[in-house]
file coords33.txt (compact mmCIF, C-alpha atoms and all ligand atoms)
# COMPACT_ATOMS: atom_id res chain seq x y z
CA MET U 882 30.04 -23.61 32.26
CA THR U 883 28.74 -22.39 28.95
CA HIS U 884 25.31 -23.53 27.91
CA THR U 885 24.98 -26.40 25.47
CA LEU U 886 24.34 -25.21 21.92
CA HIS U 887 24.09 -28.60 20.28
CA PRO U 888 21.79 -31.39 21.36
CA HIS U 889 24.20 -34.19 20.45
CA VAL U 890 27.35 -34.82 22.38
CA ALA U 891 29.29 -35.85 19.25
CA THR U 892 28.74 -32.39 17.80
CA GLU U 893 29.18 -30.69 21.15
CA LEU U 894 32.65 -32.24 21.59
CA ILE U 895 33.78 -30.69 18.32
CA HIS U 896 31.89 -27.39 18.30
CA HIS U 897 31.92 -26.52 22.01
CA ASP U 898 32.07 -22.73 22.22
CA TYR U 899 34.28 -22.35 25.31
CA GLN U 900 37.43 -20.33 24.64
CA PRO U 901 40.15 -20.23 27.31
CA PRO U 902 41.16 -16.74 28.47
CA GLN U 903 43.77 -14.90 26.37
CA GLY U 904 47.15 -13.81 27.71
CA PHE U 905 48.75 -17.09 28.72
CA GLU U 906 52.52 -17.04 28.48
CA GLY U 907 54.94 -19.85 29.31
CA VAL U 908 58.68 -20.26 28.86
CA GLN U 909 58.33 -22.40 25.76
CA PRO U 910 56.31 -21.25 22.75
CA PRO U 911 52.91 -22.83 22.09
CA VAL U 912 52.80 -25.82 19.73
CA HIS U 913 50.28 -25.54 16.91
CA LYS U 914 49.28 -28.76 15.19
CA ALA U 915 47.40 -28.70 11.93
CA SER U 916 46.82 -30.29 8.60
CA THR U 917 43.62 -28.29 8.09
CA VAL U 918 43.82 -24.56 8.71
CA LEU U 919 40.45 -22.81 9.11
CA PHE U 920 39.39 -19.65 7.26
CA PRO U 921 36.76 -17.32 8.69
CA ASN U 922 35.00 -16.95 5.33
CA VAL U 923 35.42 -17.58 1.59
CA ALA U 924 36.78 -14.12 0.88
CA ALA U 925 39.56 -14.62 3.46
CA MET U 926 40.31 -18.07 2.01
CA ARG U 927 40.60 -16.58 -1.51
CA ALA U 928 42.79 -13.73 -0.28
CA ARG U 929 45.38 -15.99 1.32
CA HIS U 930 48.28 -17.52 -0.59
CA TRP U 931 50.50 -20.34 0.59
CA GLU U 932 53.69 -18.34 -0.01
CA ASP U 933 52.42 -15.36 1.98
CA ARG U 934 53.76 -15.66 5.53
CA SER U 935 51.27 -13.09 6.82
CA GLY U 936 48.68 -15.88 7.00
CA TYR U 937 48.04 -19.61 6.96
CA THR U 938 46.51 -21.87 4.32
CA TYR U 939 47.35 -25.50 5.07
CA GLY U 940 49.50 -27.31 7.62
CA LEU U 941 52.04 -28.32 4.98
CA HIS U 942 52.75 -24.65 4.23
CA GLY U 943 53.37 -23.53 7.76
CA THR U 944 51.97 -22.95 11.24
CA PRO U 945 52.94 -20.34 13.85
CA THR U 946 55.25 -23.00 15.32
CA SER U 947 57.09 -23.74 12.05
CA TYR U 948 57.39 -20.02 11.26
CA LEU U 949 58.90 -19.46 14.70
CA LEU U 950 61.54 -22.17 14.30
CA GLU U 951 62.31 -20.93 10.77
CA GLU U 952 62.95 -17.43 12.11
CA ARG U 953 65.23 -18.76 14.85
CA ILE U 954 67.24 -20.93 12.46
CA ALA U 955 67.56 -18.01 10.03
CA ALA U 956 68.95 -15.93 12.93
CA LEU U 957 71.37 -18.72 13.90
CA GLU U 958 72.72 -18.96 10.35
CA GLY U 959 72.80 -15.20 9.77
CA ALA U 960 70.26 -15.62 6.96
CA ARG U 961 66.98 -13.87 6.19
CA HIS U 962 64.83 -16.78 5.02
CA CYS U 963 64.48 -20.38 6.13
CA THR U 964 62.62 -23.43 4.85
CA LEU U 965 62.29 -26.48 7.08
CA ALA U 966 62.32 -30.04 5.77
CA PRO U 967 61.68 -33.41 7.47
CA SER U 968 65.40 -34.39 7.52
CA GLY U 969 68.80 -32.98 6.65
CA LEU U 970 68.81 -35.08 3.50
CA ALA U 971 65.34 -33.75 2.61
CA ALA U 972 66.76 -30.22 2.95
CA ILE U 973 69.55 -31.23 0.54
CA SER U 974 67.11 -32.75 -1.96
CA VAL U 975 64.72 -29.76 -1.77
CA THR U 976 67.69 -27.49 -2.56
CA ALA U 977 68.87 -29.61 -5.51
CA LEU U 978 65.40 -30.20 -6.97
CA SER U 979 64.45 -26.53 -6.60
CA LEU U 980 67.57 -25.14 -8.24
CA LEU U 981 68.43 -27.70 -10.94
CA ALA U 982 66.81 -28.64 -14.26
CA GLN U 983 67.49 -31.05 -17.11
CA GLY U 984 70.79 -30.29 -18.84
CA ASP U 985 72.26 -28.58 -15.76
CA GLU U 986 75.34 -29.70 -13.93
CA VAL U 987 75.92 -29.86 -10.18
CA LEU U 988 79.39 -30.05 -8.62
CA MET U 989 80.22 -31.44 -5.21
CA PRO U 990 83.41 -32.20 -3.28
CA ASP U 991 84.63 -35.80 -3.36
CA ASN U 992 84.28 -35.90 0.46
CA VAL U 993 80.68 -34.62 0.40
CA TYR U 994 78.08 -36.11 2.76
CA GLY U 995 77.57 -39.56 1.16
CA PRO U 996 73.78 -39.46 0.65
CA ASN U 997 74.12 -36.13 -1.23
CA LYS U 998 76.41 -37.90 -3.73
CA ALA U 999 73.96 -40.83 -3.85
CA LEU U 1000 71.06 -38.44 -4.61
CA ALA U 1001 73.00 -36.95 -7.51
CA LYS U 1002 74.19 -40.29 -8.91
CA GLY U 1003 71.08 -42.31 -8.11
CA MET U 1004 68.38 -39.83 -9.01
CA LEU U 1005 69.42 -36.46 -10.46
CA GLU U 1006 71.37 -38.13 -13.28
CA ARG U 1007 68.18 -40.01 -14.28
CA TYR U 1008 66.51 -36.61 -14.65
CA GLY U 1009 69.26 -35.33 -16.92
CA VAL U 1010 71.34 -33.45 -14.34
CA ARG U 1011 75.05 -34.22 -14.59
CA CYS U 1012 77.09 -34.52 -11.41
CA GLY U 1013 80.80 -33.72 -11.19
CA LEU U 1014 83.12 -34.27 -8.23
CA TYR U 1015 85.92 -31.85 -7.39
CA ASP U 1016 88.95 -32.05 -5.14
CA PRO U 1017 87.96 -30.38 -1.85
CA LEU U 1018 91.54 -29.29 -1.16
CA ASP U 1019 92.21 -27.68 -4.56
CA VAL U 1020 90.31 -24.50 -5.49
CA GLU U 1021 91.88 -24.61 -8.98
CA ASP U 1022 90.36 -28.03 -9.58
CA LEU U 1023 86.91 -26.63 -8.71
CA ARG U 1024 87.52 -23.59 -10.92
CA ARG U 1025 88.48 -25.81 -13.88
CA ARG U 1026 85.36 -27.96 -13.53
CA ILE U 1027 82.85 -25.10 -13.63
CA THR U 1028 81.29 -25.06 -17.11
CA GLY U 1029 78.54 -23.05 -18.78
CA ALA U 1030 76.10 -25.74 -17.59
CA THR U 1031 77.11 -25.61 -13.90
CA ARG U 1032 74.19 -24.23 -11.90
CA LEU U 1033 74.95 -25.35 -8.37
CA VAL U 1034 78.12 -26.06 -6.40
CA TRP U 1035 77.88 -27.89 -3.09
CA LEU U 1036 80.42 -27.00 -0.41
CA GLU U 1037 81.12 -28.77 2.85
CA ALA U 1038 83.43 -27.60 5.63
CA PRO U 1039 84.89 -29.88 6.76
CA GLY U 1040 84.14 -32.84 4.49
CA SER U 1041 82.31 -35.86 5.83
CA VAL U 1042 84.27 -38.57 7.68
CA THR U 1043 87.78 -37.51 6.55
CA MET U 1044 87.26 -33.97 7.88
CA GLU U 1045 89.38 -32.05 5.35
CA PHE U 1046 88.72 -28.34 5.82
CA PRO U 1047 88.55 -26.66 2.40
CA ASP U 1048 89.50 -23.11 1.42
CA LEU U 1049 85.83 -22.13 1.63
CA ILE U 1050 86.58 -18.47 0.96
CA GLY U 1051 88.50 -19.33 -2.22
CA GLN U 1052 85.81 -21.77 -3.32
CA VAL U 1053 83.00 -19.23 -2.89
CA ARG U 1054 85.05 -16.62 -4.78
CA ALA U 1055 85.64 -19.06 -7.67
CA CYS U 1056 81.87 -19.73 -7.92
CA ARG U 1057 81.04 -16.03 -7.62
CA GLU U 1058 83.32 -15.20 -10.55
CA ARG U 1059 81.29 -17.58 -12.70
CA GLY U 1060 77.90 -16.60 -11.30
CA VAL U 1061 77.22 -20.10 -9.96
CA ILE U 1062 75.00 -20.63 -6.91
CA THR U 1063 76.82 -22.03 -3.86
CA ALA U 1064 75.10 -24.26 -1.29
CA LEU U 1065 77.00 -25.13 1.87
CA ASP U 1066 76.23 -28.16 4.01
CA ASN U 1067 76.69 -26.30 7.30
CA THR U 1068 75.77 -29.11 9.68
CA TRP U 1069 79.27 -29.22 11.23
CA GLY U 1070 79.52 -25.44 11.71
CA ALA U 1071 75.92 -25.32 13.00
CA GLY U 1072 75.86 -21.52 12.63
CA LEU U 1073 78.37 -21.27 15.50
CA ALA U 1074 81.84 -22.08 14.13
CA PHE U 1075 81.68 -19.43 11.39
CA ALA U 1076 79.11 -17.24 9.65
CA PRO U 1077 78.24 -18.89 6.32
CA PHE U 1078 76.76 -15.71 4.84
CA ASP U 1079 79.61 -13.50 6.05
CA LEU U 1080 82.82 -15.48 5.67
CA LEU U 1081 85.15 -12.47 5.92
CA ARG U 1082 83.16 -10.78 8.72
CA ASP U 1083 82.87 -7.57 6.70
CA GLY U 1084 79.69 -8.34 4.78
CA SER U 1085 81.51 -8.83 1.47
CA LEU U 1086 81.41 -12.59 0.88
CA GLY U 1087 79.13 -15.48 1.74
CA VAL U 1088 77.46 -18.60 0.40
CA ASP U 1089 74.10 -18.29 -1.35
CA VAL U 1090 72.39 -21.15 0.46
CA SER U 1091 73.16 -22.91 3.74
CA VAL U 1092 71.74 -26.35 4.52
CA HIS U 1093 71.75 -27.57 8.11
CA ALA U 1094 70.80 -31.01 9.40
CA LEU U 1095 68.93 -29.91 12.54
CA THR U 1096 68.96 -33.63 13.38
CA LYS U 1097 72.46 -33.07 14.78
CA TYR U 1098 73.27 -30.20 17.17
CA PRO U 1099 70.04 -28.15 17.11
CA SER U 1100 67.98 -31.20 18.10
CA GLY U 1101 70.73 -32.40 20.40
CA GLY U 1102 68.80 -35.48 21.46
CA GLY U 1103 69.43 -38.14 18.84
CA ASP U 1104 65.66 -38.50 18.53
CA VAL U 1105 64.56 -35.99 15.86
CA LEU U 1106 65.06 -35.78 12.09
CA MET U 1107 64.88 -32.30 10.55
CA GLY U 1108 66.70 -30.06 8.12
CA ALA U 1109 66.78 -26.38 7.19
CA VAL U 1110 67.59 -24.46 4.02
CA THR U 1111 68.49 -20.82 4.65
CA THR U 1112 69.35 -17.94 2.35
CA ARG U 1113 69.62 -14.18 2.36
CA GLU U 1114 68.16 -13.72 -1.11
CA ALA U 1115 64.41 -13.40 -1.53
CA ALA U 1116 64.48 -14.70 -5.12
CA LEU U 1117 66.41 -17.84 -4.14
CA HIS U 1118 64.13 -18.40 -1.17
CA GLU U 1119 61.11 -18.21 -3.44
CA ARG U 1120 62.50 -20.92 -5.70
CA ILE U 1121 63.26 -23.14 -2.71
CA GLN U 1122 59.82 -22.53 -1.15
CA ARG U 1123 58.18 -23.43 -4.45
CA GLY U 1124 60.18 -26.67 -4.68
CA HIS U 1125 59.37 -27.43 -1.05
CA MET U 1126 55.67 -26.88 -1.77
CA HIS U 1127 55.72 -29.13 -4.86
CA LEU U 1128 57.44 -31.91 -2.93
CA GLY U 1129 55.20 -31.63 0.15
CA MET U 1130 58.07 -31.64 2.63
CA GLY U 1131 56.17 -30.75 5.79
CA VAL U 1132 57.62 -31.04 9.29
CA GLY U 1133 55.69 -32.49 12.24
CA ALA U 1134 54.70 -30.29 15.18
CA ASN U 1135 56.19 -32.64 17.80
CA ASP U 1136 59.55 -32.43 16.07
CA LEU U 1137 59.32 -28.63 15.83
CA GLU U 1138 58.62 -28.54 19.55
CA ALA U 1139 61.64 -30.76 20.33
CA VAL U 1140 64.03 -28.55 18.33
CA LEU U 1141 62.58 -25.31 19.73
CA ARG U 1142 63.11 -26.71 23.23
CA ALA U 1143 66.72 -27.77 22.56
CA LEU U 1144 67.80 -24.64 20.68
CA PRO U 1145 68.55 -22.39 23.70
CA SER U 1146 71.23 -24.80 24.94
CA LEU U 1147 72.80 -25.25 21.48
CA PRO U 1148 75.82 -22.94 22.02
CA LEU U 1149 76.59 -24.48 25.44
CA ARG U 1150 76.38 -28.03 24.12
CA TYR U 1151 78.32 -27.26 20.93
CA HIS U 1152 81.25 -25.66 22.73
CA ALA U 1153 81.31 -28.32 25.48
CA GLN U 1154 81.37 -31.12 22.91
CA ASP U 1155 84.06 -29.25 20.97
CA ALA U 1156 86.27 -28.91 24.07
CA ALA U 1157 85.87 -32.59 24.98
CA ALA U 1158 86.52 -33.72 21.40
CA ARG U 1159 89.74 -31.72 21.18
CA LYS U 1160 91.02 -33.17 24.46
CA LEU U 1161 90.38 -36.67 23.20
CA ALA U 1162 91.79 -35.91 19.73
CA HIS U 1163 95.06 -34.62 21.25
CA TRP U 1164 95.28 -37.66 23.49
CA LEU U 1165 94.58 -40.09 20.66
CA ALA U 1166 97.29 -38.45 18.52
CA GLY U 1167 99.81 -39.84 21.02
CA GLN U 1168 98.49 -43.40 20.99
CA GLY U 1169 100.52 -46.05 19.14
CA PRO U 1170 97.81 -47.62 16.96
CA VAL U 1171 96.65 -44.18 15.75
CA ALA U 1172 98.48 -43.20 12.55
CA GLN U 1173 96.66 -39.88 12.09
CA VAL U 1174 93.98 -37.83 13.82
CA LEU U 1175 91.65 -36.00 11.44
CA HIS U 1176 90.37 -32.98 13.37
CA PRO U 1177 90.52 -29.62 11.56
CA ALA U 1178 91.51 -27.73 14.73
CA LEU U 1179 94.62 -29.87 15.22
CA ALA U 1180 97.88 -28.59 13.72
CA GLY U 1181 98.85 -30.69 10.72
CA ALA U 1182 95.32 -31.87 9.94
CA PRO U 1183 94.28 -31.54 6.28
CA GLY U 1184 93.09 -27.96 5.75
CA HIS U 1185 93.97 -26.83 9.29
CA GLU U 1186 95.04 -23.41 7.96
CA HIS U 1187 91.62 -22.92 6.34
CA TRP U 1188 89.90 -23.84 9.60
CA GLN U 1189 92.09 -21.23 11.30
CA ALA U 1190 91.15 -18.56 8.75
CA LEU U 1191 87.44 -19.19 9.19
CA CYS U 1192 86.84 -20.52 12.71
CA LYS U 1193 89.53 -18.99 14.93
CA HIS U 1194 87.17 -16.10 15.66
CA GLY U 1195 84.28 -18.30 16.64
CA HIS U 1196 84.78 -18.90 20.36
CA GLY U 1197 87.45 -17.11 22.36
CA HIS U 1198 91.11 -17.83 21.60
CA ASP U 1199 90.58 -21.48 20.77
CA GLY U 1200 88.21 -20.91 17.88
CA ALA U 1201 85.25 -23.22 17.36
CA ALA U 1202 84.77 -26.73 16.02
CA ALA U 1203 82.15 -29.43 16.39
CA GLY U 1204 82.65 -32.45 18.66
CA LEU U 1205 83.33 -34.72 15.73
CA PHE U 1206 86.58 -36.16 14.39
CA SER U 1207 88.11 -39.22 12.83
CA MET U 1208 91.32 -41.18 13.21
CA VAL U 1209 93.27 -43.48 10.95
CA ILE U 1210 94.23 -46.76 12.59
CA ASP U 1211 97.66 -47.91 11.43
CA THR U 1212 97.96 -50.54 8.66
CA ARG U 1213 99.62 -52.86 11.20
CA PHE U 1214 96.08 -53.66 12.27
CA ALA U 1215 93.64 -55.52 10.05
CA SER U 1216 90.19 -54.04 9.53
CA GLU U 1217 88.78 -56.93 11.63
CA GLN U 1218 90.83 -55.65 14.57
CA VAL U 1219 89.48 -52.16 14.02
CA ASP U 1220 85.96 -53.59 14.04
CA ALA U 1221 86.83 -55.38 17.31
CA PHE U 1222 88.09 -52.06 18.75
CA CYS U 1223 84.73 -50.41 17.93
CA ASP U 1224 82.91 -53.34 19.52
CA ALA U 1225 85.12 -53.22 22.63
CA LEU U 1226 84.10 -49.65 23.47
CA ARG U 1227 81.47 -49.48 26.20
CA LEU U 1228 80.49 -45.81 26.45
CA PHE U 1229 80.91 -45.08 22.74
CA ARG U 1230 78.03 -46.83 20.99
CA LEU U 1231 77.90 -47.91 17.38
CA GLY U 1232 75.54 -45.70 15.40
CA TYR U 1233 75.21 -43.04 12.71
CA SER U 1234 74.64 -39.35 13.31
CA TRP U 1235 76.12 -37.02 15.93
CA GLY U 1236 75.29 -34.00 18.11
CA GLY U 1237 73.36 -35.95 20.75
CA PRO U 1238 74.18 -36.76 24.39
CA LEU U 1239 75.61 -40.20 23.62
CA SER U 1240 79.12 -40.63 22.18
CA LEU U 1241 79.19 -42.64 18.97
CA VAL U 1242 81.78 -44.58 16.97
CA MET U 1243 81.72 -45.78 13.35
CA PRO U 1244 84.38 -47.48 11.20
CA TYR U 1245 84.44 -46.56 7.49
CA ARG U 1246 85.70 -48.28 4.35
CA LEU U 1247 87.25 -45.26 2.69
CA PRO U 1248 88.03 -46.77 -0.75
CA ASP U 1249 84.26 -47.29 -1.26
CA MET U 1250 83.64 -43.61 -0.55
CA ARG U 1251 86.18 -41.69 -2.62
CA THR U 1252 86.73 -41.45 -6.38
CA ARG U 1253 90.20 -39.92 -6.16
CA ALA U 1254 93.41 -40.65 -4.29
CA THR U 1255 93.79 -39.17 -0.80
CA PRO U 1256 97.56 -38.63 -0.42
CA HIS U 1257 96.96 -36.30 2.54
CA LEU U 1258 95.64 -39.27 4.53
CA LYS U 1259 97.86 -41.91 6.10
CA PRO U 1260 97.01 -45.42 4.94
CA GLY U 1261 94.87 -47.42 7.35
CA THR U 1262 91.28 -47.78 8.52
CA VAL U 1263 89.23 -44.69 9.30
CA VAL U 1264 87.17 -44.58 12.49
CA ARG U 1265 84.92 -41.62 13.28
CA LEU U 1266 84.10 -40.52 16.81
CA ALA U 1267 81.19 -38.25 17.72
CA ILE U 1268 81.63 -36.90 21.22
CA GLY U 1269 78.53 -36.68 23.39
CA LEU U 1270 78.03 -35.10 26.79
CA GLU U 1271 79.58 -37.79 29.02
CA ASN U 1272 82.48 -36.92 31.32
CA VAL U 1273 85.57 -36.60 29.13
CA ASP U 1274 87.83 -38.61 31.50
CA ASP U 1275 85.37 -41.50 31.36
CA LEU U 1276 85.43 -41.34 27.57
CA ARG U 1277 89.25 -41.33 27.54
CA ALA U 1278 89.32 -44.33 29.88
CA ASP U 1279 86.90 -46.14 27.58
CA LEU U 1280 89.13 -45.50 24.55
CA ALA U 1281 92.20 -46.56 26.57
CA GLN U 1282 90.69 -49.88 27.66
CA ALA U 1283 89.59 -50.73 24.10
CA ILE U 1284 93.05 -49.83 22.69
CA LYS U 1285 94.72 -51.97 25.37
CA HIS U 1286 92.49 -54.99 24.92
CA VAL U 1287 92.37 -55.05 21.13
CA PHE U 1288 95.54 -53.45 19.78
CA GLU U 1289 98.02 -54.16 22.59
CA ALA U 1290 96.84 -57.64 23.48
C1 LIG R 1301 73.46 -36.06 9.11
C2 LIG R 1301 73.89 -35.17 8.03
C3 LIG R 1301 73.01 -34.80 7.01
C4 LIG R 1301 71.62 -35.37 6.86
O1 LIG R 1301 70.80 -35.24 7.96
P1 LIG R 1301 69.62 -36.30 8.21
O2 LIG R 1301 68.67 -35.54 9.06
O3 LIG R 1301 70.23 -37.49 8.84
O4 LIG R 1301 69.01 -36.60 6.87
C5 LIG R 1301 73.49 -33.96 6.04
N1 LIG R 1301 74.75 -33.50 6.07
C6 LIG R 1301 75.61 -33.82 7.02
C7 LIG R 1301 76.99 -33.26 6.98
C8 LIG R 1301 75.22 -34.67 8.04
O5 LIG R 1301 76.09 -35.02 8.98
call {"tool": "encode", "arguments": {"input": "coords33.txt", "output": "structure tokens"}}
result
Amino acid sequence: MTHTLHPHVATELIHHDYQPPQGFEGVQPPVHKASTVLFPNVAAMRARHWEDRSGYTYGLHGTPTSYLLEERIAALEGARHCTLAPSGLAAISVTALSLLAQGDEVLMPDNVYGPNKALAKGMLERYGVRCGLYDPLDVEDLRRRITGATRLVWLEAPGSVTMEFPDLIGQVRACRERGVITALDNTWGAGLAFAPFDLLRDGSLGVDVSVHALTKYPSGGGDVLMGAVTTREAALHERIQRGHMHLGMGVGANDLEAVLRALPSLPLRYHAQDAAARKLAHWLAGQGPVAQVLHPALAGAPGHEHWQALCKHGHGHDGAAAGLFSMVIDTRFASEQVDAFCDALRLFRLGYSWGGPLSLVMPYRLPDMRTRATPHLKPGTVVRLAIGLENVDDLRADLAQAIKHVFEA
């Protein structure tokens, strides 16, 4: 016991001078929680700057725990710098708001993650930033739409819900030629399916910025919201850090802890969910009510050849893909029947997001989501499946019983 320095217990409970011994080491890193960060004296306070990662100024600008996760995510993506944000969408908005100004133009694929399009249409346009949509399967269409005002091009591989895999290499080249910054939504690839900053594996071509919804695979639990913006360029990182600082996009310590704890099992989970998803996708392709399976690793899927070019090297001979795919239910069945199919599933639960232990299903109304025709898709109702960590035979049996009861009744 140390002697009591303060006569009042209220003060003693805050200023108690006991320090635990140094040198403790556990398997998981320590979790630092702070809004206030303490300085030893005024000179030290004046000498520290929020952008200087050699020290700490305020909880919003980083703790040892947030720095640690940023370093690990940068390593996962093959980047040098990382900025964390409180959700994947926050990471998208930090990127857009940091890199765009009035009079600029941003381009995104028509199959971009929906809320990214909503941010551009619902908010950026009010601030004088124009938003254009390009055909994700036509590099020439993207090339034609780049103007002198284009400052940022969003890329997504594959696109949300309809899973078209674009010619990412061609798209990045087209933007490079015009000196336009590229930002990839890399949530699907998760840093494992391909290397966003080294698309040709020879160091010659990569995106400028990668955004990753850590909510999905890195968290792996379906219980955390977080996003990351990574880059290799110091100047770009500085702009993003500045935007992040202006917007106050801090991340909570409990969430940092959850992602740090889940990260070591990320590759195992990703590849297991990929293998299960492909088994189910192949099986579903042979089922009567299914007009088309939209999984980039399946032959004949939109952009399959681009998936092969980029992801065949990712994981042994099979290449790598996330455990996420969609299917088109034939027009013979009304959308009410498709809804009933989703409701009839017992293991697959109805909910947004993916990358967690629980398999999820979601029907989509495609015409509300696309501005251009989608001739590469069979007509019908789109249903997306996110494969969790359940036994794959149980998942197949669940799909089979729902098909039987709803579509074959
Ligand atoms: C989920 C998701 C996001 C956004 O992540 P949140 O943490 O839910 O905001 C962004 N992009 C893609 C492709 C996603 O699937």
call {"tool": "closest_residue", "arguments": {"input": "coords33.txt", "among": "U:Gly1237, U:Gly940, U:Gly1184, U:Gly1129", "to": "ligand LIG 1301 (chain R)", "atoms": "only C-alpha atoms and all ligand atoms"}}
result
U:Gly1237
call {"tool": "closest_residue", "arguments": {"input": "coords33.txt", "among": "U:Met1107, U:Leu1231, U:Met1044, U:Ala1254", "to": "Val1209 in chain U", "atoms": "only C-alpha atoms"}}
result
U:Met1044
call {"tool": "closest_residue", "arguments": {"input": "coords33.txt", "among": "U:Glu958, U:Glu1021, U:Asp1274, U:Glu1138", "to": "Trp1164 in chain U", "atoms": "all atoms listed in the file"}}
result
U:Asp1274
call {"tool": "axis_aligned_box", "arguments": {"input": "coords33.txt", "around": "ligand LIG 1301 (chain R)", "padding_each_side": "5 Å", "output": "JSON"}}
result
{"center_x": 72.8, "center_y": -35.4, "center_z": 7.6, "size_x": 18.3, "size_y": 14.2, "size_z": 13.1}
call {"tool": "residues_around", "arguments": {"input": "coords33.txt", "residues": "Val1140 in chain U", "least_positions_apart": "3", "cutoff": "9 Å", "atoms": "only C-alpha atoms", "output": "list in words"}}
result
Leu950, Leu1095, Thr1096, Pro1099, Ser1100, Gly1101, Gly1102, Val1105, Met1107, Asn1135, Asp1136, Leu1137, Ala1143 and Leu1144 of chain U
call {"tool": "write_last_selection", "arguments": {"input": "coords33.txt", "atoms": "C-alpha atoms", "output": "CSV table (one decimal), keeping the file's coordinate frame"}}
result
chain,number,residue,atom,x,y,z
U,950,LEU,CA,61.5,-22.2,14.3
U,1095,LEU,CA,68.9,-29.9,12.5
U,1096,THR,CA,69.0,-33.6,13.4
U,1099,PRO,CA,70.0,-28.2,17.1
U,1100,SER,CA,68.0,-31.2,18.1
U,1101,GLY,CA,70.7,-32.4,20.4
U,1102,GLY,CA,68.8,-35.5,21.5
U,1105,VAL,CA,64.6,-36.0,15.9
U,1107,MET,CA,64.9,-32.3,10.6
U,1135,ASN,CA,56.2,-32.6,17.8
U,1136,ASP,CA,59.6,-32.4,16.1
U,1137,LEU,CA,59.3,-28.6,15.8
U,1143,ALA,CA,66.7,-27.8,22.6
U,1144,LEU,CA,67.8,-24.6,20.7
call {"tool": "closest_residue", "arguments": {"input": "coords33.txt", "among": "U:Tyr1008, U:Tyr939, U:Phe1222, U:Trp1035", "to": "ligand LIG 1301 (chain R)", "atoms": "all atoms listed in the file"}}
result
U:Trp1035
call {"tool": "residues_near_ligand", "arguments": {"input": "coords33.txt", "ligand": "ligand LIG 1301 (chain R)", "cutoff": "10 Å", "atoms": "all atoms listed in the file", "output": "PyMOL selection string"}}
result
chain U and resi 966-974+993-997+1037-1042+1065-1070+1092-1098+1105-1109+1205+1233-1236
call {"tool": "closest_residue", "arguments": {"input": "coords33.txt", "among": "U:Arg1253, U:Arg1230, U:Arg929, U:Arg953", "to": "Pro1017 in chain U", "atoms": "only C-alpha atoms"}}
result
U:Arg1253
call {"tool": "atom_distance", "arguments": {"input": "coords33.txt", "atom1": "CA of Gly984 in chain U", "atom2": "CA of Asp1089 in chain U"}}
result
21.5 Å
call {"tool": "atom_distance", "arguments": {"input": "coords33.txt", "atom1": "CA of Arg1011 in chain U", "atom2": "CA of Leu1128 in chain U"}}
result
21.2 Å
call {"tool": "atom_distance", "arguments": {"input": "coords33.txt", "atom1": "CA of Gly1060 in chain U", "atom2": "CA of Asp1079 in chain U"}}
result
17.7 Å
call {"tool": "residues_near_point", "arguments": {"input": "coords33.txt", "point": "(85.9, -28.0, 20.4)", "cutoff": "12 Å", "atoms": "all atoms listed in the file", "output": "VMD selection string"}}
result
chain U and resid 1069 to 1070 1073 to 1074 1148 to 1163 1176 to 1179 1192 to 1193 1195 to 1206 1267 to 1269
call {"tool": "closest_residue", "arguments": {"input": "coords33.txt", "among": "U:Val1053, U:Glu1289, U:His1187, U:His1257", "to": "Gly1169 in chain U", "atoms": "all atoms listed in the file"}}
result
U:Glu1289
call {"tool": "residues_near_point", "arguments": {"input": "coords33.txt", "point": "(87.6, -44.3, 17.7)", "cutoff": "10 Å", "atoms": "all atoms listed in the file", "output": "PyMOL selection string"}}
result
chain U and resi 1161-1162+1165+1171+1174+1206-1210+1219+1222-1223+1226+1229+1241-1244+1263-1267+1280+1283-1284
call {"tool": "residues_around", "arguments": {"input": "coords33.txt", "residues": "Ser947 in chain U", "least_positions_apart": "4", "cutoff": "8 Å", "atoms": "all atoms listed in the file", "output": "ChimeraX atom specification"}}
result
/U:943,951,965,1132,1134,1137
call {"tool": "decode", "arguments": {"input": "coords33.txt", "residues": "range 995-1002 of chain U", "atoms": "N, CA and C atoms", "output": "CSV table (one decimal), in the first residue's frame"}}
result
chain,number,residue,atom,x,y,z
U,995,GLY,N,-24.9,1.6,-52.8
U,995,GLY,CA,-26.0,2.5,-52.9
U,995,GLY,C,-25.8,3.8,-52.1
U,996,PRO,N,-25.5,3.7,-50.8
U,996,PRO,CA,-25.3,4.9,-50.0
U,996,PRO,C,-24.2,5.9,-50.5
U,997,ASN,N,-23.2,5.4,-51.3
U,997,ASN,CA,-22.2,6.3,-51.8
U,997,ASN,C,-22.9,7.2,-52.9
U,998,LYS,N,-23.8,6.5,-53.7
U,998,LYS,CA,-24.5,7.3,-54.7
U,998,LYS,C,-25.4,8.3,-54.0
U,999,ALA,N,-26.1,7.9,-52.9
U,999,ALA,CA,-27.0,8.7,-52.2
U,999,ALA,C,-26.2,9.9,-51.6
U,1000,LEU,N,-25.0,9.7,-51.1
U,1000,LEU,CA,-24.2,10.8,-50.6
U,1000,LEU,C,-23.9,11.8,-51.7
U,1001,ALA,N,-23.6,11.3,-52.9
U,1001,ALA,CA,-23.3,12.2,-54.0
U,1001,ALA,C,-24.5,13.0,-54.4
U,1002,LYS,N,-25.6,12.3,-54.6
U,1002,LYS,CA,-26.8,12.9,-55.1
U,1002,LYS,C,-27.5,13.8,-54.0
